[in-house]
>>> print(open('model.tsv').read())   # TSV, C-alpha atoms
chain	number	residue	atom	x	y	z
A	1	MET	CA	-17.11	41.54	-73.48
A	2	PRO	CA	-19.19	40.91	-76.60
A	3	ILE	CA	-19.54	37.18	-76.01
A	4	GLY	CA	-20.30	37.60	-72.33
A	5	MET	CA	-17.49	35.45	-71.09
A	6	SER	CA	-16.39	37.57	-68.12
A	7	LEU	CA	-16.78	36.02	-64.69
A	8	SER	CA	-19.27	38.66	-63.67
A	9	SER	CA	-21.70	37.63	-66.42
A	10	ALA	CA	-24.28	34.91	-65.96
A	11	PHE	CA	-22.37	32.77	-68.45
A	12	GLY	CA	-19.12	33.16	-66.52
A	13	LYS	CA	-20.78	32.33	-63.24
A	14	ARG	CA	-22.34	29.19	-64.67
A	15	VAL	CA	-19.03	28.02	-66.16
A	16	PHE	CA	-17.36	28.62	-62.80
A	17	ALA	CA	-20.17	26.76	-61.02
A	18	ILE	CA	-19.82	23.75	-63.32
A	19	LEU	CA	-16.02	23.68	-62.96
A	20	SER	CA	-15.96	24.04	-59.20
A	21	GLY	CA	-18.95	21.77	-58.67
A	22	SER	CA	-17.31	19.06	-60.77
A	23	LEU	CA	-14.08	19.37	-58.80
A	24	LEU	CA	-15.92	19.01	-55.51
A	25	LEU	CA	-17.91	16.07	-56.85
A	26	SER	CA	-14.71	14.37	-58.02
A	27	LEU	CA	-13.12	14.69	-54.57
A	28	ILE	CA	-16.22	13.32	-52.85
A	29	GLY	CA	-16.55	10.51	-55.39
A	30	ASN	CA	-12.89	9.58	-55.01
A	31	TYR	CA	-13.27	9.39	-51.23
A	32	PHE	CA	-16.04	6.80	-51.52
A	33	HIS	CA	-14.63	4.94	-54.52
A	34	PRO	CA	-13.24	1.51	-53.44
A	35	ASP	CA	-10.16	2.05	-55.63
A	36	GLY	CA	-9.88	5.77	-54.99
A	37	LEU	CA	-6.72	7.45	-56.20
A	38	LEU	CA	-4.04	9.05	-54.08
A	39	LEU	CA	-4.80	12.72	-54.57
A	40	LEU	CA	-1.39	14.30	-54.63
A	41	PRO	CA	1.17	11.59	-55.24
A	42	VAL	CA	4.70	12.91	-55.17
A	43	SER	CA	6.84	9.92	-55.84
A	44	VAL	CA	4.10	7.41	-56.50
A	45	LYS	CA	3.04	6.46	-59.99
A	46	PRO	CA	-0.33	7.92	-61.07
A	47	GLY	CA	-3.26	5.55	-61.31
A	48	LEU	CA	-2.61	3.72	-58.08
A	49	SER	CA	-5.36	3.19	-55.59
A	50	ARG	CA	-5.08	4.32	-51.98
A	51	ASN	CA	-4.89	0.65	-51.01
A	52	ILE	CA	-1.32	0.21	-52.21
A	53	PRO	CA	0.87	-0.56	-49.19
A	54	ASP	CA	3.36	2.06	-48.08
A	55	HIS	CA	6.25	-0.35	-48.39
A	56	VAL	CA	5.76	-0.66	-52.17
A	57	ILE	CA	8.07	2.02	-53.45
A	58	PHE	CA	8.44	3.48	-56.93
A	59	ILE	CA	11.94	4.33	-58.01
A	60	SER	CA	13.71	5.39	-61.14
A	61	ALA	CA	15.80	3.00	-63.21
A	62	GLY	CA	18.93	4.94	-62.24
A	63	GLU	CA	18.30	4.51	-58.52
A	64	ALA	CA	17.48	0.83	-59.00
A	65	ALA	CA	20.67	0.26	-61.00
A	66	ARG	CA	22.75	1.94	-58.30
A	67	GLU	CA	21.20	-0.15	-55.52
A	68	ILE	CA	21.55	-3.38	-57.51
A	69	ALA	CA	25.22	-2.57	-58.19
A	70	LEU	CA	25.65	-2.34	-54.40
A	71	ASN	CA	24.14	-5.83	-54.11
A	72	ARG	CA	20.99	-4.64	-52.38
A	73	GLY	CA	18.58	-6.75	-54.40
A	74	ILE	CA	17.56	-8.36	-57.66
A	75	ILE	CA	15.20	-7.54	-60.51
A	76	VAL	CA	11.99	-9.47	-61.06
A	77	ASP	CA	11.19	-9.24	-64.75
A	78	ILE	CA	7.48	-9.89	-65.29
A	79	ARG	CA	7.54	-9.95	-69.09
A	80	THR	CA	6.80	-13.12	-71.05
A	81	THR	CA	9.26	-16.00	-71.13
A	82	GLU	CA	9.99	-15.31	-74.81
A	83	ASP	CA	10.75	-11.62	-74.25
A	84	TYR	CA	12.91	-12.49	-71.25
A	85	ALA	CA	14.85	-15.10	-73.24
A	86	ALA	CA	15.54	-12.57	-76.01
A	87	SER	CA	17.02	-10.03	-73.62
A	88	HIS	CA	16.77	-9.30	-69.92
A	89	PRO	CA	18.46	-7.29	-67.19
A	90	ARG	CA	21.51	-8.81	-65.58
A	91	ASN	CA	20.81	-10.23	-62.11
A	92	SER	CA	17.15	-10.82	-62.74
A	93	VAL	CA	14.56	-13.52	-62.24
A	94	ASN	CA	11.70	-14.03	-64.71
A	95	LEU	CA	8.20	-14.26	-63.22
A	96	PRO	CA	5.88	-13.79	-66.21
A	97	TYR	CA	2.78	-11.91	-65.12
A	98	HIS	CA	0.25	-14.24	-66.77
A	99	GLU	CA	1.85	-17.36	-65.25
A	100	PHE	CA	2.80	-15.73	-61.99
A	101	GLY	CA	1.49	-18.45	-59.69
A	102	SER	CA	3.37	-21.37	-61.27
A	103	ALA	CA	6.46	-19.26	-62.00
A	104	TYR	CA	6.62	-18.10	-58.38
A	105	ASN	CA	6.39	-21.67	-57.09
A	106	GLU	CA	9.37	-22.64	-59.22
A	107	ALA	CA	11.48	-19.55	-58.56
A	108	ALA	CA	10.59	-18.80	-54.93
A	109	ASP	CA	13.99	-19.99	-53.70
A	110	GLU	CA	15.78	-17.57	-55.99
A	111	LEU	CA	14.02	-14.57	-54.45
A	112	PRO	CA	16.07	-13.26	-51.55
A	113	ARG	CA	13.97	-12.49	-48.48
A	114	GLY	CA	16.28	-10.01	-46.84
A	115	MET	CA	17.02	-7.97	-49.95
A	116	ASN	CA	15.12	-5.58	-52.18
A	117	ILE	CA	13.08	-6.78	-55.13
A	118	TYR	CA	12.85	-4.50	-58.15
A	119	ILE	CA	9.97	-5.17	-60.51
A	120	LEU	CA	10.39	-4.38	-64.20
A	121	CYS	CA	7.81	-4.62	-66.95
A	122	GLU	CA	7.35	-3.72	-70.60
A	123	GLY	CA	4.29	-1.49	-70.55
A	124	ARG	CA	3.63	1.87	-68.98
A	125	LEU	CA	-0.14	1.59	-68.71
A	126	CYS	CA	-1.16	-1.84	-67.52
A	127	GLY	CA	-0.44	-1.61	-63.83
A	128	MET	CA	0.87	-5.19	-63.79
A	129	SER	CA	4.02	-4.21	-61.92
A	130	GLU	CA	1.89	-2.82	-59.11
A	131	ARG	CA	-0.25	-5.97	-58.96
A	132	VAL	CA	2.85	-8.16	-58.76
A	133	ALA	CA	4.22	-5.90	-56.04
A	134	LEU	CA	1.00	-6.39	-54.06
A	135	LYS	CA	1.20	-10.15	-54.58
A	136	LEU	CA	4.82	-10.29	-53.38
A	137	ALA	CA	3.86	-8.15	-50.41
A	138	GLU	CA	1.18	-10.75	-49.58
A	139	TYR	CA	3.87	-13.46	-49.75
A	140	GLY	CA	5.85	-11.60	-47.16
A	141	PHE	CA	8.38	-9.62	-49.19
A	142	ARG	CA	8.67	-6.32	-47.41
A	143	ASP	CA	11.08	-4.42	-49.62
A	144	VAL	CA	9.42	-4.34	-53.01
A	145	ARG	CA	10.29	-1.59	-55.43
A	146	VAL	CA	8.66	-0.91	-58.79
A	147	ILE	CA	10.91	0.55	-61.46
A	148	LYS	CA	9.09	3.44	-63.15
A	149	GLU	CA	10.69	2.89	-66.56
A	150	THR	CA	10.03	0.00	-68.94
A	151	PHE	CA	12.57	-2.69	-69.96
A	152	VAL	CA	13.22	-0.93	-73.28
A	153	GLU	CA	13.96	2.31	-71.44
A	154	TRP	CA	16.24	0.39	-69.00
A	155	LYS	CA	18.17	-1.01	-71.97
A	156	ASN	CA	18.34	2.32	-73.80
A	157	MET	CA	19.70	3.99	-70.69
A	158	GLY	CA	22.66	1.61	-70.87
A	159	PHE	CA	22.00	-0.48	-67.77
A	160	PRO	CA	23.32	-4.07	-67.77
A	161	VAL	CA	21.43	-6.58	-69.89
A	162	GLU	CA	22.24	-10.06	-71.15
B	1	MET	CA	-22.60	27.84	-118.38
B	2	GLU	CA	-25.91	28.96	-116.95
B	3	LYS	CA	-27.76	32.11	-118.11
B	4	HIS	CA	-26.46	34.19	-115.17
B	5	GLY	CA	-22.80	33.39	-116.08
B	6	PHE	CA	-21.87	31.08	-113.16
B	7	PRO	CA	-20.75	27.51	-113.87
B	8	ARG	CA	-23.41	24.91	-113.16
B	9	GLY	CA	-21.51	23.43	-110.19
B	10	VAL	CA	-21.32	26.79	-108.39
B	11	SER	CA	-25.05	27.31	-108.90
B	12	LEU	CA	-25.76	23.91	-107.38
B	13	VAL	CA	-23.64	24.67	-104.30
B	14	ALA	CA	-25.05	28.16	-103.88
B	15	GLY	CA	-28.54	26.81	-104.26
B	16	ASN	CA	-28.00	24.17	-101.61
B	17	LEU	CA	-26.31	26.54	-99.11
B	18	GLY	CA	-29.72	27.76	-98.17
B	19	TRP	CA	-30.79	24.23	-97.23
B	20	ILE	CA	-27.61	23.76	-95.22
B	21	ALA	CA	-28.28	26.99	-93.33
B	22	VAL	CA	-31.84	25.84	-92.59
B	23	PHE	CA	-30.53	22.48	-91.42
B	24	ILE	CA	-27.93	24.06	-89.12
B	25	ARG	CA	-30.46	26.43	-87.58
B	26	ASN	CA	-33.15	23.79	-87.13
B	27	ILE	CA	-33.97	23.61	-83.45
B	28	TRP	CA	-34.83	19.93	-83.54
B	29	ILE	CA	-31.51	19.06	-85.15
B	30	GLN	CA	-29.78	21.07	-82.43
B	31	ARG	CA	-31.72	19.25	-79.73
B	32	ILE	CA	-30.82	15.86	-81.18
B	33	VAL	CA	-27.14	16.80	-81.42
B	34	ARG	CA	-27.23	18.19	-77.87
B	35	ILE	CA	-28.72	15.01	-76.45
B	36	ILE	CA	-26.35	12.76	-78.42
B	37	LEU	CA	-23.36	14.82	-77.24
B	38	GLY	CA	-24.64	14.64	-73.67
B	39	ILE	CA	-25.12	10.87	-73.83
B	40	LEU	CA	-21.63	10.39	-75.30
B	41	PHE	CA	-19.97	12.45	-72.58
B	42	LEU	CA	-22.02	10.87	-69.79
B	43	TYR	CA	-21.11	7.42	-71.13
B	44	ALA	CA	-17.42	8.32	-71.48
B	45	GLY	CA	-17.28	9.67	-67.93
B	46	SER	CA	-19.11	6.67	-66.48
B	47	ILE	CA	-16.76	4.19	-68.16
B	48	LYS	CA	-13.77	6.05	-66.77
B	49	VAL	CA	-15.22	6.05	-63.23
B	50	ILE	CA	-15.32	2.24	-63.29
B	51	ASP	CA	-11.60	2.08	-64.10
B	52	ILE	CA	-10.34	5.40	-62.79
B	53	ASN	CA	-6.92	3.87	-62.18
B	54	GLY	CA	-6.63	2.90	-65.85
B	55	PHE	CA	-7.69	6.36	-66.98
B	56	ALA	CA	-5.12	8.03	-64.73
B	57	ARG	CA	-2.45	5.76	-66.22
B	58	GLN	CA	-3.64	6.81	-69.70
B	59	VAL	CA	-3.27	10.48	-68.75
B	60	MET	CA	0.21	9.71	-67.41
B	61	ALA	CA	1.10	8.02	-70.71
B	62	TYR	CA	0.66	11.29	-72.61
B	63	ASP	CA	3.66	12.54	-70.68
B	64	ILE	CA	2.38	16.13	-70.50
B	65	LEU	CA	1.42	16.70	-66.89
B	66	PRO	CA	3.74	16.18	-63.93
B	67	TRP	CA	2.96	12.99	-61.98
B	68	ALA	CA	1.96	14.99	-58.91
B	69	VAL	CA	-1.21	16.35	-60.56
B	70	VAL	CA	-2.18	13.52	-62.91
B	71	ASN	CA	-4.53	11.84	-60.42
B	72	LEU	CA	-6.37	15.05	-59.47
B	73	PHE	CA	-6.62	16.11	-63.10
B	74	SER	CA	-7.98	12.70	-64.12
B	75	LEU	CA	-10.64	12.78	-61.42
B	76	TRP	CA	-11.71	16.31	-62.41
B	77	ILE	CA	-11.94	15.47	-66.11
B	78	VAL	CA	-14.14	12.45	-65.40
B	79	SER	CA	-16.41	14.49	-63.17
B	80	LEU	CA	-16.65	17.27	-65.77
B	81	GLU	CA	-17.67	14.78	-68.45
B	82	ILE	CA	-20.44	13.36	-66.28
B	83	VAL	CA	-21.75	16.75	-65.13
B	84	THR	CA	-21.72	18.38	-68.57
B	85	GLY	CA	-23.21	15.23	-70.09
B	86	ILE	CA	-26.14	15.36	-67.69
B	87	LEU	CA	-26.64	19.11	-68.20
B	88	LEU	CA	-26.71	18.70	-71.97
B	89	ILE	CA	-29.17	15.81	-71.84
B	90	VAL	CA	-31.50	17.64	-69.48
B	91	GLY	CA	-31.11	20.91	-71.39
B	92	ILE	CA	-29.96	23.09	-68.50
B	93	TRP	CA	-27.11	25.61	-68.83
B	94	ILE	CA	-26.55	24.45	-72.39
B	95	ARG	CA	-24.21	27.23	-73.48
B	96	PRO	CA	-21.79	26.95	-70.54
B	97	SER	CA	-21.84	23.16	-70.83
B	98	ALA	CA	-21.17	23.29	-74.58
B	99	PHE	CA	-18.32	25.71	-73.92
B	100	ILE	CA	-16.73	23.35	-71.37
B	101	VAL	CA	-17.25	20.35	-73.67
B	102	ALA	CA	-15.56	22.26	-76.50
B	103	VAL	CA	-12.62	23.08	-74.24
B	104	LEU	CA	-12.36	19.42	-73.14
B	105	CYS	CA	-12.38	18.27	-76.75
B	106	PHE	CA	-9.74	20.85	-77.62
B	107	VAL	CA	-7.55	19.60	-74.76
B	108	PHE	CA	-7.96	15.99	-75.93
B	109	ILE	CA	-7.16	16.96	-79.54
B	110	ALA	CA	-4.04	18.79	-78.42
B	111	ALA	CA	-2.93	15.88	-76.22
B	112	ILE	CA	-3.47	13.21	-78.89
B	113	SER	CA	-1.76	15.36	-81.54
B	114	SER	CA	1.17	15.97	-79.22
B	115	ALA	CA	1.53	12.25	-78.51
B	116	LEU	CA	1.35	11.40	-82.23
B	117	ALA	CA	3.93	14.07	-83.05
B	118	ARG	CA	6.33	12.78	-80.35
B	119	GLY	CA	5.78	9.13	-81.22
B	120	ILE	CA	4.58	8.25	-77.75
B	121	PRO	CA	2.90	4.83	-77.54
B	122	LEU	CA	-0.60	5.41	-76.21
B	123	ARG	CA	-1.38	1.74	-75.85
B	124	CYS	CA	0.06	-0.52	-73.15
B	125	GLY	CA	2.51	-2.34	-75.37
B	126	CYS	CA	3.07	-4.91	-72.64
B	127	PHE	CA	3.47	-7.88	-74.90
B	128	SER	CA	3.11	-6.43	-78.36
B	129	PRO	CA	4.35	-2.88	-78.64
B	130	VAL	CA	2.00	-0.83	-80.78
B	131	PRO	CA	3.32	2.37	-82.31
B	132	SER	CA	1.62	5.62	-81.39
B	133	GLY	CA	0.47	6.14	-84.95
B	134	ASP	CA	-1.85	3.17	-84.88
B	135	LEU	CA	-5.28	3.41	-86.43
B	136	ARG	CA	-7.20	3.57	-83.15
B	137	THR	CA	-5.31	6.69	-82.09
B	138	TRP	CA	-6.12	8.42	-85.36
B	139	ILE	CA	-9.77	7.40	-85.03
B	140	SER	CA	-9.77	8.91	-81.53
B	141	LEU	CA	-8.35	12.14	-82.93
B	142	TRP	CA	-10.99	12.45	-85.64
B	143	ARG	CA	-13.73	11.57	-83.16
B	144	GLU	CA	-12.61	14.37	-80.86
B	145	ILE	CA	-12.51	16.82	-83.80
B	146	ALA	CA	-16.10	15.88	-84.68
B	147	LEU	CA	-17.22	16.31	-81.05
B	148	PHE	CA	-15.43	19.66	-80.89
B	149	ALA	CA	-17.25	20.83	-84.01
B	150	ALA	CA	-20.59	19.70	-82.59
B	151	SER	CA	-20.02	21.47	-79.27
B	152	VAL	CA	-18.95	24.70	-80.97
B	153	TRP	CA	-22.06	24.55	-83.13
B	154	LEU	CA	-24.18	24.00	-80.04
B	155	TYR	CA	-22.50	26.92	-78.26
B	156	CYS	CA	-23.06	29.25	-81.20
B	157	GLY	CA	-26.62	28.08	-81.69
B	158	GLU	CA	-27.71	28.86	-78.13
B	159	LYS	CA	-28.56	32.34	-76.92
>>> encode(input="model.tsv", output="structure tokens")
Amino acid sequence: MPIGMSLSSAFGKRVFAILSGSLLLSLIGNYFHPDGLLLLPVSVKPGLSRNIPDHVIFISAGEAAREIALNRGIIVDIRTTEDYAASHPRNSVNLPYHEFGSAYNEAADELPRGMNIYILCEGRLCGMSERVALKLAEYGFRDVRVIKETFVEWKNMGFPVE
Amino acid sequence: MEKHGFPRGVSLVAGNLGWIAVFIRNIWIQRIVRIILGILFLYAGSIKVIDINGFARQVMAYDILPWAVVNLFSLWIVSLEIVTGILLIVGIWIRPSAFIVAVLCFVFIAAISSALARGIPLRCGCFSPVPSGDLRTWISLWREIALFAASVWLYCGEK
């Protein structure tokens, strides 16, 4: 090949060495990283560290809506008070992420211990839902589920809001 | 019109093309660009290592790869940036590194363009939804185009 890009050429071998060496380095680095990622998540949201407890489950909005309709749990909406007041899922409790401590103290009695808790947020990137799930797990809630979709997607999919 | 029949503007451009060619072929300019490119990629990779979770969520937000491979892909990209950055700075395996950097930039350009075309919000939007067409996304796109051009130039300039 005129530009020497075949694998048998020195160029090809070096490209292969860089690619494979980087892959190996990434796996080793991830192993020792304190917040290392789960390597092949199947149903877990990308970006989560290995430290996330097994009993924090990620489910789709459809599954959550079906379980809630069967009275299996309630939604914890972690958006701001203003966003929640404007519109929120039916059968939900508002625990704003940035005031979680005080909001939890006030609303703790409304959170059912023997039922599932479904966490819903606005953003896709922040990871706040996962942090709240960890916090609730610390408080003893064993059946915490994080809804993969955002509130806007929940609403657009036609699930109950008020 | 000049004596030779070309308009004055064309003569000026043609006359300066020689200087541009000299500039592009200057080995010191190439070395400076190589080191700057290396530093940028090493820096970018290092920042992502600190918040690898955040970077994986960013990759997820582009909505291109299936969730099952996002984490592995994110880790590999970060590692590639660091390794190629170091190789470019040190000046070892420049051509293969420039080739990989060009491919990385091309992938980023394609991903950002795809997100812009589909209207996907690339920022968190937790409390103030920001549309995908915001200025920072466009700046990222143009930055990647510039880095792509630099890496292609580096690749072509090396023997």
>>> closest_atom_pairs(input="model.tsv", of="chain B", to="chain A", cutoff="8 Å", atoms="all atoms listed in the file", output="CSV")
residue,atom,partner,partner_atom,distance
B:Ile52,CA,A:Gly47,CA,7.2
B:Asn53,CA,A:Gly47,CA,4.1
B:Gly54,CA,A:Gly47,CA,6.2
B:Phe55,CA,A:Gly47,CA,7.2
B:Ala56,CA,A:Gly47,CA,4.6
B:Arg57,CA,A:Gly47,CA,5.0
B:Gln58,CA,A:Leu125,CA,6.4
B:Met60,CA,A:Pro46,CA,6.6
B:Ala61,CA,A:Leu125,CA,6.8
B:Trp67,CA,A:Pro46,CA,6.1
B:Ala68,CA,A:Pro41,CA,5.1
B:Val69,CA,A:Leu40,CA,6.3
B:Val70,CA,A:Pro46,CA,6.2
B:Asn71,CA,A:Pro46,CA,5.8
B:Leu72,CA,A:Leu39,CA,5.6
B:Leu75,CA,A:Ser26,CA,5.5
B:Trp76,CA,A:Leu23,CA,5.3
B:Val78,CA,A:Ser26,CA,7.6
B:Ser79,CA,A:Ser22,CA,5.2
B:Leu80,CA,A:Ser22,CA,5.4
B:Val83,CA,A:Ser22,CA,6.6
B:Thr84,CA,A:Ile18,CA,7.7
B:Trp93,CA,A:Arg14,CA,7.3
B:Arg95,CA,A:Phe11,CA,7.7
B:Pro96,CA,A:Val15,CA,5.3
B:Ser97,CA,A:Val15,CA,7.3
B:Ile100,CA,A:Val15,CA,7.4
B:Arg123,CA,A:Leu125,CA,7.2
B:Cys124,CA,A:Leu125,CA,4.9
B:Gly125,CA,A:Gly123,CA,5.2
B:Cys126,CA,A:Gly123,CA,4.2
B:Phe127,CA,A:Glu122,CA,7.1
>>> atom_distance(input="model.tsv", atom1="atom CA of B:Asn26", atom2="atom CA of B:Leu40")
21.3 Å
>>> atom_distance(input="model.tsv", atom1="atom CA of B:Ile82", atom2="atom CA of B:Phe41")
6.4 Å
>>> residues_around(input="model.tsv", residues="stretch 153-156 of chain B", least_positions_apart="3", cutoff="8 Å", atoms="all atoms listed in the file", output="ChimeraX atom specification")
/B:30,33-34,94-96,98-99,149-150,159
>>> atom_distance(input="model.tsv", atom1="atom CA of B:Ala146", atom2="atom CA of B:Ile77")
19.0 Å
>>> closest_residue(input="model.tsv", among="A:Asn116, A:Ser87, A:Thr81, A:Ser129", to="A:Ala103", atoms="only C-alpha atoms")
A:Thr81
>>> residues_near_point(input="model.tsv", point="(3.8, -14.3, -52.9)", cutoff="10 Å", atoms="only C-alpha atoms", output="PDB file with C-alpha atoms, in the frame of the given file")
ATOM      1  CA  PHE A 100       2.800 -15.730 -61.990  1.00  0.00           C
ATOM      2  CA  GLY A 101       1.490 -18.450 -59.690  1.00  0.00           C
ATOM      3  CA  TYR A 104       6.620 -18.100 -58.380  1.00  0.00           C
ATOM      4  CA  ASN A 105       6.390 -21.670 -57.090  1.00  0.00           C
ATOM      5  CA  ALA A 108      10.590 -18.800 -54.930  1.00  0.00           C
ATOM      6  CA  VAL A 132       2.850  -8.160 -58.760  1.00  0.00           C
ATOM      7  CA  ALA A 133       4.220  -5.900 -56.040  1.00  0.00           C
ATOM      8  CA  LEU A 134       1.000  -6.390 -54.060  1.00  0.00           C
ATOM      9  CA  LYS A 135       1.200 -10.150 -54.580  1.00  0.00           C
ATOM     10  CA  LEU A 136       4.820 -10.290 -53.380  1.00  0.00           C
ATOM     11  CA  ALA A 137       3.860  -8.150 -50.410  1.00  0.00           C
ATOM     12  CA  GLU A 138       1.180 -10.750 -49.580  1.00  0.00           C
ATOM     13  CA  TYR A 139       3.870 -13.460 -49.750  1.00  0.00           C
ATOM     14  CA  GLY A 140       5.850 -11.600 -47.160  1.00  0.00           C
ATOM     15  CA  PHE A 141       8.380  -9.620 -49.190  1.00  0.00           C
TER      16      PHE A 141
END
